[in-house]
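Trainee: Structure file target.cif (mmCIF, N, CA and C atoms and all ligand atoms) is given on the next line.
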```cif
data_my_file
#
loop_
_atom_site.label_atom_id
_atom_site.label_comp_id
_atom_site.auth_asym_id
_atom_site.auth_seq_id
_atom_site.Cartn_x
_atom_site.Cartn_y
_atom_site.Cartn_z
N MET A 377 81.60 -12.54 -21.48
CA MET A 377 80.83 -12.70 -20.24
C MET A 377 79.56 -13.51 -20.50
N THR A 378 79.23 -14.42 -19.62
CA THR A 378 78.03 -15.24 -19.76
C THR A 378 76.79 -14.39 -19.53
N PRO A 379 75.81 -14.48 -20.42
CA PRO A 379 74.58 -13.73 -20.17
C PRO A 379 73.85 -14.27 -18.93
N THR A 380 73.22 -13.37 -18.23
CA THR A 380 72.46 -13.77 -17.04
C THR A 380 71.11 -13.06 -17.05
N LYS A 381 70.17 -13.59 -16.30
CA LYS A 381 68.93 -12.90 -16.02
C LYS A 381 68.42 -13.35 -14.67
N ILE A 382 67.34 -12.72 -14.24
CA ILE A 382 66.83 -13.01 -12.90
C ILE A 382 65.60 -13.91 -12.99
N CYS A 383 65.56 -14.94 -12.18
CA CYS A 383 64.40 -15.83 -12.13
C CYS A 383 63.17 -15.04 -11.64
N GLN A 384 62.09 -15.15 -12.38
CA GLN A 384 60.92 -14.35 -12.04
C GLN A 384 60.19 -14.86 -10.80
N ARG A 385 60.56 -16.05 -10.34
CA ARG A 385 59.92 -16.58 -9.14
C ARG A 385 60.76 -16.31 -7.90
N CYS A 386 61.98 -16.85 -7.90
CA CYS A 386 62.77 -16.79 -6.66
C CYS A 386 63.71 -15.58 -6.65
N GLY A 387 63.84 -14.90 -7.79
CA GLY A 387 64.68 -13.71 -7.80
C GLY A 387 66.17 -14.00 -7.81
N ARG A 388 66.53 -15.27 -7.98
CA ARG A 388 67.96 -15.59 -8.05
C ARG A 388 68.45 -15.45 -9.48
N LEU A 389 69.76 -15.33 -9.58
CA LEU A 389 70.39 -15.17 -10.89
C LEU A 389 70.31 -16.47 -11.70
N ILE A 390 69.98 -16.36 -12.98
CA ILE A 390 70.02 -17.52 -13.88
C ILE A 390 71.21 -17.32 -14.81
N GLU A 391 72.08 -18.30 -14.84
CA GLU A 391 73.21 -18.22 -15.77
C GLU A 391 72.94 -19.02 -17.02
N TRP A 392 73.32 -18.45 -18.11
CA TRP A 392 73.12 -19.09 -19.40
C TRP A 392 73.68 -20.50 -19.41
N ARG A 393 72.90 -21.42 -20.01
CA ARG A 393 73.39 -22.79 -20.18
C ARG A 393 73.25 -23.21 -21.63
N LYS A 394 74.10 -24.11 -22.02
CA LYS A 394 74.13 -24.59 -23.40
C LYS A 394 72.74 -25.06 -23.88
N LYS A 395 72.02 -25.76 -23.00
CA LYS A 395 70.71 -26.31 -23.42
C LYS A 395 69.71 -25.20 -23.75
N TRP A 396 70.00 -23.96 -23.33
CA TRP A 396 69.09 -22.84 -23.59
C TRP A 396 69.52 -22.04 -24.82
N GLU A 397 70.51 -22.55 -25.53
CA GLU A 397 71.08 -21.83 -26.65
C GLU A 397 70.01 -21.25 -27.60
N SER A 398 69.02 -22.07 -27.93
CA SER A 398 68.03 -21.64 -28.94
C SER A 398 66.82 -20.94 -28.33
N CYS A 399 66.70 -20.94 -26.99
CA CYS A 399 65.47 -20.37 -26.41
C CYS A 399 65.76 -19.44 -25.23
N TRP A 400 66.98 -18.93 -25.15
CA TRP A 400 67.39 -18.11 -24.00
C TRP A 400 66.42 -16.95 -23.74
N ASP A 401 65.94 -16.34 -24.82
CA ASP A 401 65.02 -15.21 -24.66
C ASP A 401 63.74 -15.58 -23.91
N GLU A 402 63.36 -16.86 -24.02
CA GLU A 402 62.10 -17.27 -23.37
C GLU A 402 62.31 -17.81 -21.96
N VAL A 403 63.54 -17.99 -21.57
CA VAL A 403 63.79 -18.54 -20.23
C VAL A 403 63.39 -17.52 -19.18
N ARG A 404 62.52 -17.94 -18.24
CA ARG A 404 62.07 -17.02 -17.20
C ARG A 404 62.34 -17.53 -15.79
N PHE A 405 62.59 -18.84 -15.68
CA PHE A 405 62.75 -19.42 -14.35
C PHE A 405 64.05 -20.20 -14.27
N CYS A 406 64.59 -20.30 -13.06
CA CYS A 406 65.90 -20.93 -12.89
C CYS A 406 65.79 -22.45 -12.84
N SER A 407 64.61 -22.96 -12.54
CA SER A 407 64.47 -24.40 -12.31
C SER A 407 63.04 -24.83 -12.57
N ALA A 408 62.88 -26.15 -12.70
CA ALA A 408 61.53 -26.70 -12.89
C ALA A 408 60.67 -26.36 -11.67
N ARG A 409 61.27 -26.38 -10.52
CA ARG A 409 60.55 -26.08 -9.28
C ARG A 409 59.97 -24.67 -9.32
N CYS A 410 60.79 -23.71 -9.74
CA CYS A 410 60.32 -22.33 -9.83
C CYS A 410 59.25 -22.19 -10.91
N ARG A 411 59.41 -22.93 -12.00
CA ARG A 411 58.44 -22.84 -13.08
C ARG A 411 57.08 -23.37 -12.64
N ARG A 412 57.10 -24.44 -11.85
CA ARG A 412 55.85 -25.06 -11.40
C ARG A 412 55.09 -24.19 -10.41
N GLN A 413 55.82 -23.47 -9.57
CA GLN A 413 55.18 -22.65 -8.52
C GLN A 413 54.46 -21.47 -9.15
N LYS A 414 53.16 -21.48 -9.04
CA LYS A 414 52.40 -20.37 -9.62
C LYS A 414 52.45 -19.18 -8.67
N PRO A 415 52.57 -17.97 -9.24
CA PRO A 415 52.57 -16.81 -8.35
C PRO A 415 51.24 -16.72 -7.60
N SER A 416 51.30 -16.48 -6.32
CA SER A 416 50.08 -16.39 -5.53
C SER A 416 49.83 -14.93 -5.18
N LYS A 417 48.64 -14.69 -4.67
CA LYS A 417 48.28 -13.34 -4.24
C LYS A 417 49.25 -12.88 -3.15
N MET A 418 49.64 -13.85 -2.31
CA MET A 418 50.52 -13.50 -1.21
C MET A 418 51.88 -13.00 -1.69
N ASP A 419 52.36 -13.51 -2.82
CA ASP A 419 53.64 -13.04 -3.34
C ASP A 419 53.60 -11.53 -3.59
N GLN A 420 52.53 -11.11 -4.21
CA GLN A 420 52.37 -9.67 -4.49
C GLN A 420 52.21 -8.89 -3.20
N GLN A 421 51.39 -9.45 -2.29
CA GLN A 421 51.17 -8.77 -1.01
C GLN A 421 52.47 -8.62 -0.25
N LEU A 422 53.34 -9.64 -0.36
CA LEU A 422 54.61 -9.57 0.35
C LEU A 422 55.48 -8.44 -0.20
N GLU A 423 55.53 -8.33 -1.53
CA GLU A 423 56.31 -7.24 -2.12
C GLU A 423 55.77 -5.90 -1.63
N GLN A 424 54.45 -5.77 -1.66
CA GLN A 424 53.81 -4.54 -1.18
C GLN A 424 54.13 -4.27 0.28
N ALA A 425 54.03 -5.33 1.10
CA ALA A 425 54.24 -5.19 2.54
C ALA A 425 55.66 -4.72 2.84
N ILE A 426 56.62 -5.27 2.11
CA ILE A 426 58.02 -4.88 2.31
C ILE A 426 58.19 -3.40 1.98
N LEU A 427 57.63 -2.99 0.84
CA LEU A 427 57.79 -1.61 0.41
C LEU A 427 57.06 -0.64 1.35
N SER A 428 55.85 -1.00 1.77
CA SER A 428 55.14 -0.04 2.61
C SER A 428 55.74 0.04 4.01
N LEU A 429 56.26 -1.08 4.50
CA LEU A 429 56.93 -1.06 5.80
C LEU A 429 58.19 -0.17 5.74
N LEU A 430 58.96 -0.34 4.68
CA LEU A 430 60.17 0.47 4.53
C LEU A 430 59.82 1.95 4.38
N ALA A 431 58.66 2.21 3.77
CA ALA A 431 58.25 3.60 3.58
C ALA A 431 57.95 4.29 4.91
N THR A 432 57.60 3.51 5.93
CA THR A 432 57.29 4.11 7.24
C THR A 432 58.54 4.30 8.09
N ARG A 433 59.67 3.73 7.65
CA ARG A 433 60.90 3.82 8.44
C ARG A 433 61.75 5.00 7.97
N PRO A 434 62.61 5.49 8.85
CA PRO A 434 63.50 6.57 8.42
C PRO A 434 64.42 6.08 7.30
N ARG A 435 64.89 7.02 6.52
CA ARG A 435 65.81 6.72 5.43
C ARG A 435 67.01 5.92 5.92
N GLY A 436 67.34 4.86 5.20
CA GLY A 436 68.50 4.05 5.57
C GLY A 436 68.20 2.96 6.59
N ALA A 437 66.97 2.96 7.12
CA ALA A 437 66.63 1.92 8.10
C ALA A 437 66.44 0.59 7.41
N THR A 438 66.62 -0.48 8.16
CA THR A 438 66.44 -1.81 7.57
C THR A 438 65.32 -2.55 8.29
N ILE A 439 64.74 -3.50 7.58
CA ILE A 439 63.75 -4.39 8.20
C ILE A 439 64.14 -5.84 7.92
N CYS A 440 63.59 -6.73 8.72
CA CYS A 440 63.75 -8.16 8.48
C CYS A 440 62.56 -8.60 7.62
N PRO A 441 62.79 -9.52 6.67
CA PRO A 441 61.65 -9.96 5.84
C PRO A 441 60.47 -10.47 6.68
N SER A 442 60.76 -11.01 7.85
CA SER A 442 59.68 -11.55 8.68
C SER A 442 58.77 -10.44 9.21
N GLU A 443 59.29 -9.22 9.33
CA GLU A 443 58.43 -8.11 9.76
C GLU A 443 57.33 -7.84 8.75
N ALA A 444 57.69 -7.92 7.47
CA ALA A 444 56.68 -7.75 6.42
C ALA A 444 55.70 -8.91 6.44
N LEU A 445 56.24 -10.09 6.65
CA LEU A 445 55.43 -11.30 6.69
C LEU A 445 54.41 -11.23 7.83
N GLN A 446 54.84 -10.71 8.97
CA GLN A 446 53.96 -10.61 10.14
C GLN A 446 52.71 -9.79 9.89
N THR A 447 52.79 -8.87 8.93
CA THR A 447 51.61 -8.05 8.66
C THR A 447 50.58 -8.84 7.84
N LEU A 448 50.95 -10.00 7.35
CA LEU A 448 50.07 -10.77 6.46
C LEU A 448 49.65 -12.12 7.01
N THR A 449 50.40 -12.65 7.95
CA THR A 449 50.16 -14.04 8.35
C THR A 449 50.27 -14.19 9.86
N PRO A 450 49.50 -15.14 10.43
CA PRO A 450 49.58 -15.35 11.88
C PRO A 450 50.96 -15.83 12.31
N GLU A 451 51.33 -15.45 13.52
CA GLU A 451 52.63 -15.78 14.11
C GLU A 451 53.06 -17.23 13.88
N LYS A 452 52.16 -18.16 14.11
CA LYS A 452 52.58 -19.57 14.05
C LYS A 452 52.80 -20.07 12.62
N GLN A 453 52.40 -19.30 11.62
CA GLN A 453 52.66 -19.71 10.24
C GLN A 453 53.86 -19.00 9.62
N LEU A 454 54.51 -18.16 10.41
CA LEU A 454 55.62 -17.36 9.88
C LEU A 454 56.67 -18.24 9.21
N HIS A 455 57.02 -19.31 9.91
CA HIS A 455 58.11 -20.16 9.41
C HIS A 455 57.80 -20.74 8.04
N ASP A 456 56.54 -21.13 7.82
CA ASP A 456 56.14 -21.74 6.54
C ASP A 456 56.31 -20.80 5.36
N HIS A 457 56.24 -19.51 5.62
CA HIS A 457 56.24 -18.55 4.52
C HIS A 457 57.55 -17.77 4.41
N MET A 458 58.52 -18.12 5.25
CA MET A 458 59.75 -17.33 5.28
C MET A 458 60.45 -17.30 3.92
N GLU A 459 60.56 -18.46 3.26
CA GLU A 459 61.24 -18.48 1.97
C GLU A 459 60.48 -17.63 0.95
N GLN A 460 59.15 -17.65 1.05
CA GLN A 460 58.33 -16.83 0.16
C GLN A 460 58.63 -15.33 0.36
N ALA A 461 58.85 -14.96 1.61
CA ALA A 461 59.18 -13.56 1.90
C ALA A 461 60.55 -13.20 1.33
N ARG A 462 61.50 -14.15 1.44
CA ARG A 462 62.83 -13.89 0.89
C ARG A 462 62.80 -13.80 -0.63
N GLN A 463 61.95 -14.62 -1.23
CA GLN A 463 61.81 -14.55 -2.70
C GLN A 463 61.26 -13.19 -3.11
N ALA A 464 60.27 -12.71 -2.37
CA ALA A 464 59.68 -11.40 -2.67
C ALA A 464 60.76 -10.33 -2.57
N ALA A 465 61.61 -10.45 -1.54
CA ALA A 465 62.69 -9.48 -1.36
C ALA A 465 63.65 -9.53 -2.55
N ARG A 466 63.98 -10.73 -2.99
CA ARG A 466 64.91 -10.85 -4.13
C ARG A 466 64.31 -10.25 -5.40
N ARG A 467 63.01 -10.45 -5.59
CA ARG A 467 62.39 -9.86 -6.79
C ARG A 467 62.45 -8.34 -6.71
N LEU A 468 62.30 -7.79 -5.50
CA LEU A 468 62.37 -6.33 -5.35
C LEU A 468 63.78 -5.81 -5.61
N VAL A 469 64.78 -6.61 -5.26
CA VAL A 469 66.16 -6.23 -5.59
C VAL A 469 66.32 -6.17 -7.10
N ALA A 470 65.77 -7.20 -7.80
CA ALA A 470 65.87 -7.24 -9.26
C ALA A 470 65.18 -6.03 -9.88
N GLN A 471 64.14 -5.53 -9.21
CA GLN A 471 63.43 -4.34 -9.72
C GLN A 471 64.14 -3.04 -9.35
N GLY A 472 65.21 -3.17 -8.58
CA GLY A 472 65.96 -1.99 -8.19
C GLY A 472 65.31 -1.18 -7.07
N GLN A 473 64.41 -1.79 -6.33
CA GLN A 473 63.68 -1.08 -5.28
C GLN A 473 64.38 -1.14 -3.92
N ILE A 474 64.95 -2.29 -3.63
CA ILE A 474 65.57 -2.47 -2.31
C ILE A 474 66.92 -3.16 -2.48
N GLU A 475 67.67 -3.21 -1.36
CA GLU A 475 68.87 -4.04 -1.37
C GLU A 475 68.86 -4.94 -0.15
N ILE A 476 69.61 -6.02 -0.27
CA ILE A 476 69.66 -7.01 0.81
C ILE A 476 71.00 -6.89 1.52
N LEU A 477 70.93 -6.84 2.84
CA LEU A 477 72.15 -6.70 3.63
C LEU A 477 72.31 -7.87 4.57
N LEU A 478 73.57 -8.20 4.81
CA LEU A 478 73.92 -9.23 5.77
C LEU A 478 75.04 -8.65 6.60
N GLU A 479 74.83 -8.59 7.91
CA GLU A 479 75.79 -7.97 8.82
C GLU A 479 76.24 -6.59 8.32
N GLY A 480 75.26 -5.82 7.85
CA GLY A 480 75.54 -4.44 7.47
C GLY A 480 76.13 -4.24 6.09
N GLN A 481 76.42 -5.33 5.38
CA GLN A 481 77.00 -5.22 4.04
C GLN A 481 75.97 -5.61 3.00
N THR A 482 75.93 -4.87 1.88
CA THR A 482 75.08 -5.26 0.77
C THR A 482 75.59 -6.57 0.19
N VAL A 483 74.68 -7.51 -0.02
CA VAL A 483 75.11 -8.82 -0.52
C VAL A 483 74.33 -9.20 -1.77
N ASP A 484 74.87 -10.18 -2.48
CA ASP A 484 74.23 -10.72 -3.67
C ASP A 484 73.01 -11.54 -3.24
N PRO A 485 71.82 -11.13 -3.69
CA PRO A 485 70.60 -11.84 -3.25
C PRO A 485 70.58 -13.31 -3.64
N SER A 486 71.31 -13.65 -4.71
CA SER A 486 71.29 -15.04 -5.17
C SER A 486 71.95 -15.99 -4.20
N THR A 487 72.93 -15.48 -3.47
CA THR A 487 73.72 -16.39 -2.65
C THR A 487 73.64 -16.08 -1.15
N ALA A 488 72.97 -14.97 -0.79
CA ALA A 488 72.93 -14.58 0.62
C ALA A 488 72.25 -15.65 1.47
N LYS A 489 72.91 -16.04 2.53
CA LYS A 489 72.31 -16.99 3.47
C LYS A 489 72.40 -16.37 4.85
N GLY A 490 71.39 -16.71 5.70
CA GLY A 490 71.42 -16.20 7.06
C GLY A 490 70.43 -15.08 7.25
N PRO A 491 70.56 -14.38 8.38
CA PRO A 491 69.56 -13.38 8.76
C PRO A 491 69.70 -12.09 7.95
N ILE A 492 69.05 -12.05 6.80
CA ILE A 492 69.17 -10.87 5.94
C ILE A 492 68.29 -9.72 6.42
N ARG A 493 68.69 -8.50 6.06
CA ARG A 493 67.90 -7.30 6.34
C ARG A 493 67.65 -6.62 5.00
N LEU A 494 66.57 -5.85 4.93
CA LEU A 494 66.21 -5.19 3.69
C LEU A 494 66.26 -3.69 3.87
N ARG A 495 66.74 -2.98 2.84
CA ARG A 495 66.84 -1.53 2.89
C ARG A 495 66.41 -0.96 1.56
N LYS A 496 65.74 0.17 1.64
CA LYS A 496 65.33 0.85 0.42
C LYS A 496 66.55 1.41 -0.30
N VAL A 497 66.53 1.31 -1.62
CA VAL A 497 67.67 1.84 -2.39
C VAL A 497 67.62 3.35 -2.42
ZN ZN B 1 64.09 -19.57 -9.40
#
```
Just give me the structure of the file as structure tokens.
Ligand SMILES: [Zn+2]
Mentor:
Amino acid sequence: MTPTKICQRCGRLIEWRKKWESCWDEVRFCSARCRRQKPSKMDQQLEQAILSLLATRPRGATICPSEALQTLTPEKQLHDHMEQARQAARRLVAQGQIEILLEGQTVDPSTAKGPIRLRKV
């Protein structure tokens, strides 16, 4: 089986590649783009917002990532930060805190596209 790990920025799966043969242990990001993006305060706030929002909901309830985003950013900027919110959600999946659902089914965060919902594990 090919070794894998999770990108520390976008939370997507990184699959082992030949070019990483000698430095696999140090690989932390899936791409140059993810490596360049420095973690911002908002990234942490988003993870927190997702967890605290879920904590206020009944067990098994789901939220949309944009609901967490709304607690941090004005309505008209929501769209600009949507991918950031999804990245935060993926990192939380990697931490085993939440799961991502699409049409009621748990899905792989690396490949999920469309209107995802988040649920506490
Ligand atoms: Zn990445």
Trainee: For ligand ZN 1 (chain B), return the neighbouring residues as a PyMOL selection string (distance at most 6.5 Å; all atoms listed in the file).
Mentor: chain A and resi 383-388+405-407+410-411
Trainee: Do a neighbour search on Trp396 of chain A at 12 Å with only C-alpha atoms, toss out local chain neighbours closer than 6 positions, and write the hits as a list of chain:residue names.
Mentor: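 Everything that qualifies: A:Pro379, A:Thr380, A:Ile390, A:Glu402, A:Val403, A:Arg404, A:Phe405, A:Cys406.
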Trainee: Only N, CA and C atoms, please: the residues just picked out, written as an mmCIF file, keeping the file's coordinate frame.
Mentor:
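File again.cif, as written:
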```
data_model
loop_
_atom_site.group_PDB
_atom_site.id
_atom_site.type_symbol
_atom_site.label_atom_id
_atom_site.label_comp_id
_atom_site.auth_asym_id
_atom_site.auth_seq_id
_atom_site.Cartn_x
_atom_site.Cartn_y
_atom_site.Cartn_z
ATOM 1 N N PRO A 379 75.810 -14.480 -20.420
ATOM 2 C CA PRO A 379 74.580 -13.730 -20.170
ATOM 3 C C PRO A 379 73.850 -14.270 -18.930
ATOM 4 N N THR A 380 73.220 -13.370 -18.230
ATOM 5 C CA THR A 380 72.460 -13.770 -17.040
ATOM 6 C C THR A 380 71.110 -13.060 -17.050
ATOM 7 N N ILE A 390 69.980 -16.360 -12.980
ATOM 8 C CA ILE A 390 70.020 -17.520 -13.880
ATOM 9 C C ILE A 390 71.210 -17.320 -14.810
ATOM 10 N N GLU A 402 63.360 -16.860 -24.020
ATOM 11 C CA GLU A 402 62.100 -17.270 -23.370
ATOM 12 C C GLU A 402 62.310 -17.810 -21.960
ATOM 13 N N VAL A 403 63.540 -17.990 -21.570
ATOM 14 C CA VAL A 403 63.790 -18.540 -20.230
ATOM 15 C C VAL A 403 63.390 -17.520 -19.180
ATOM 16 N N ARG A 404 62.520 -17.940 -18.240
ATOM 17 C CA ARG A 404 62.070 -17.020 -17.200
ATOM 18 C C ARG A 404 62.340 -17.530 -15.790
ATOM 19 N N PHE A 405 62.590 -18.840 -15.680
ATOM 20 C CA PHE A 405 62.750 -19.420 -14.350
ATOM 21 C C PHE A 405 64.050 -20.200 -14.270
ATOM 22 N N CYS A 406 64.590 -20.300 -13.060
ATOM 23 C CA CYS A 406 65.900 -20.930 -12.890
ATOM 24 C C CYS A 406 65.790 -22.450 -12.840
#
```
Trainee: Which of segment 378-457 of chain A counts as helix (DSSP H, G or I) under DSSP, as a PyMOL selection string please?
Mentor: chain A and resi 394-396+400-402+408-412+417-432+441-446+451-457
Trainee: Since we have the selection now, will you write its residues out, keeping N, CA and C atoms, as a compact mmCIF listing (two decimals), in the coordinates of the input?
Mentor:
```txt
# COMPACT_ATOMS: atom_id res chain seq x y z
N LYS A 394 74.10 -24.11 -22.02
CA LYS A 394 74.13 -24.59 -23.40
C LYS A 394 72.74 -25.06 -23.88
N LYS A 395 72.02 -25.76 -23.00
CA LYS A 395 70.71 -26.31 -23.42
C LYS A 395 69.71 -25.20 -23.75
N TRP A 396 70.00 -23.96 -23.33
CA TRP A 396 69.09 -22.84 -23.59
C TRP A 396 69.52 -22.04 -24.82
N TRP A 400 66.98 -18.93 -25.15
CA TRP A 400 67.39 -18.11 -24.00
C TRP A 400 66.42 -16.95 -23.74
N ASP A 401 65.94 -16.34 -24.82
CA ASP A 401 65.02 -15.21 -24.66
C ASP A 401 63.74 -15.58 -23.91
N GLU A 402 63.36 -16.86 -24.02
CA GLU A 402 62.10 -17.27 -23.37
C GLU A 402 62.31 -17.81 -21.96
N ALA A 408 62.88 -26.15 -12.70
CA ALA A 408 61.53 -26.70 -12.89
C ALA A 408 60.67 -26.36 -11.67
N ARG A 409 61.27 -26.38 -10.52
CA ARG A 409 60.55 -26.08 -9.28
C ARG A 409 59.97 -24.67 -9.32
N CYS A 410 60.79 -23.71 -9.74
CA CYS A 410 60.32 -22.33 -9.83
C CYS A 410 59.25 -22.19 -10.91
N ARG A 411 59.41 -22.93 -12.00
CA ARG A 411 58.44 -22.84 -13.08
C ARG A 411 57.08 -23.37 -12.64
N ARG A 412 57.10 -24.44 -11.85
CA ARG A 412 55.85 -25.06 -11.40
C ARG A 412 55.09 -24.19 -10.41
N LYS A 417 48.64 -14.69 -4.67
CA LYS A 417 48.28 -13.34 -4.24
C LYS A 417 49.25 -12.88 -3.15
N MET A 418 49.64 -13.85 -2.31
CA MET A 418 50.52 -13.50 -1.21
C MET A 418 51.88 -13.00 -1.69
N ASP A 419 52.36 -13.51 -2.82
CA ASP A 419 53.64 -13.04 -3.34
C ASP A 419 53.60 -11.53 -3.59
N GLN A 420 52.53 -11.11 -4.21
CA GLN A 420 52.37 -9.67 -4.49
C GLN A 420 52.21 -8.89 -3.20
N GLN A 421 51.39 -9.45 -2.29
CA GLN A 421 51.17 -8.77 -1.01
C GLN A 421 52.47 -8.62 -0.25
N LEU A 422 53.34 -9.64 -0.36
CA LEU A 422 54.61 -9.57 0.35
C LEU A 422 55.48 -8.44 -0.20
N GLU A 423 55.53 -8.33 -1.53
CA GLU A 423 56.31 -7.24 -2.12
C GLU A 423 55.77 -5.90 -1.63
N GLN A 424 54.45 -5.77 -1.66
CA GLN A 424 53.81 -4.54 -1.18
C GLN A 424 54.13 -4.27 0.28
N ALA A 425 54.03 -5.33 1.10
CA ALA A 425 54.24 -5.19 2.54
C ALA A 425 55.66 -4.72 2.84
N ILE A 426 56.62 -5.27 2.11
CA ILE A 426 58.02 -4.88 2.31
C ILE A 426 58.19 -3.40 1.98
N LEU A 427 57.63 -2.99 0.84
CA LEU A 427 57.79 -1.61 0.41
C LEU A 427 57.06 -0.64 1.35
N SER A 428 55.85 -1.00 1.77
CA SER A 428 55.14 -0.04 2.61
C SER A 428 55.74 0.04 4.01
N LEU A 429 56.26 -1.08 4.50
CA LEU A 429 56.93 -1.06 5.80
C LEU A 429 58.19 -0.17 5.74
N LEU A 430 58.96 -0.34 4.68
CA LEU A 430 60.17 0.47 4.53
C LEU A 430 59.82 1.95 4.38
N ALA A 431 58.66 2.21 3.77
CA ALA A 431 58.25 3.60 3.58
C ALA A 431 57.95 4.29 4.91
N THR A 432 57.60 3.51 5.93
CA THR A 432 57.29 4.11 7.24
C THR A 432 58.54 4.30 8.09
N PRO A 441 62.79 -9.52 6.67
CA PRO A 441 61.65 -9.96 5.84
C PRO A 441 60.47 -10.47 6.68
N SER A 442 60.76 -11.01 7.85
CA SER A 442 59.68 -11.55 8.68
C SER A 442 58.77 -10.44 9.21
N GLU A 443 59.29 -9.22 9.33
CA GLU A 443 58.43 -8.11 9.76
C GLU A 443 57.33 -7.84 8.75
N ALA A 444 57.69 -7.92 7.47
CA ALA A 444 56.68 -7.75 6.42
C ALA A 444 55.70 -8.91 6.44
N LEU A 445 56.24 -10.09 6.65
CA LEU A 445 55.43 -11.30 6.69
C LEU A 445 54.41 -11.23 7.83
N GLN A 446 54.84 -10.71 8.97
CA GLN A 446 53.96 -10.61 10.14
C GLN A 446 52.71 -9.79 9.89
N GLU A 451 51.33 -15.45 13.52
CA GLU A 451 52.63 -15.78 14.11
C GLU A 451 53.06 -17.23 13.88
N LYS A 452 52.16 -18.16 14.11
CA LYS A 452 52.58 -19.57 14.05
C LYS A 452 52.80 -20.07 12.62
N GLN A 453 52.40 -19.30 11.62
CA GLN A 453 52.66 -19.71 10.24
C GLN A 453 53.86 -19.00 9.62
N LEU A 454 54.51 -18.16 10.41
CA LEU A 454 55.62 -17.36 9.88
C LEU A 454 56.67 -18.24 9.21
N HIS A 455 57.02 -19.31 9.91
CA HIS A 455 58.11 -20.16 9.41
C HIS A 455 57.80 -20.74 8.04
N ASP A 456 56.54 -21.13 7.82
CA ASP A 456 56.14 -21.74 6.54
C ASP A 456 56.31 -20.80 5.36
N HIS A 457 56.24 -19.51 5.62
CA HIS A 457 56.24 -18.55 4.52
C HIS A 457 57.55 -17.77 4.41
```
Trainee: Given the choices A:Ile439, A:Asp419, A:Thr487, A:Pro434, which gets closest to Gln463 of chain A if the distance is worked out from only C-alpha atoms?
Mentor: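 Of A:Ile439, A:Asp419, A:Thr487, A:Pro434, the one nearest Gln463 of chain A, counting only C-alpha atoms, is A:Asp419.
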Trainee: Listed atoms of segment 430-445 of chain A, axis-aligned box, 6 Å per side: centre and edge lengths to one decimal in Å, as lines of an AutoDock Vina configuration file?
Mentor:
```
center_x = 61.5
center_y = -2.3
center_z = 6.7
size_x = 26.1
size_y = 30.6
size_z = 18.2
```
Trainee: Apply DSSP to the structure's backbone, then extract all residues of segment 394-494 of chain A labelled strand (DSSP E) and return them as number ranges by chain.
Mentor: A: 438-439, 474-478, 481-482, 493-494
Trainee: So what do you get for atom CA of Arg493 of chain A versus atom N of Glu443 of chain A, distance-wise?
Mentor: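 Taking atom CA of Arg493 of chain A and atom N of Glu443 of chain A, their separation equals 9.3 Å.
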Trainee: For Ala465 of chain A, which residue out of A:Ile426, A:Gly436, A:Gln481, A:Leu448 is the nearest one, using all atoms listed in the file?
Mentor: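 Of A:Ile426, A:Gly436, A:Gln481, A:Leu448, the one nearest Ala465 of chain A, counting all atoms listed in the file, is A:Ile426.
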Trainee: Which is closest to Pro441 of chain A among A:Leu478, A:Ile492, A:Ile382, A:Met377, if we use all atoms listed in the file?
Mentor: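 Of the candidates, the smallest distance to Pro441 of chain A is held by A:Ile492.
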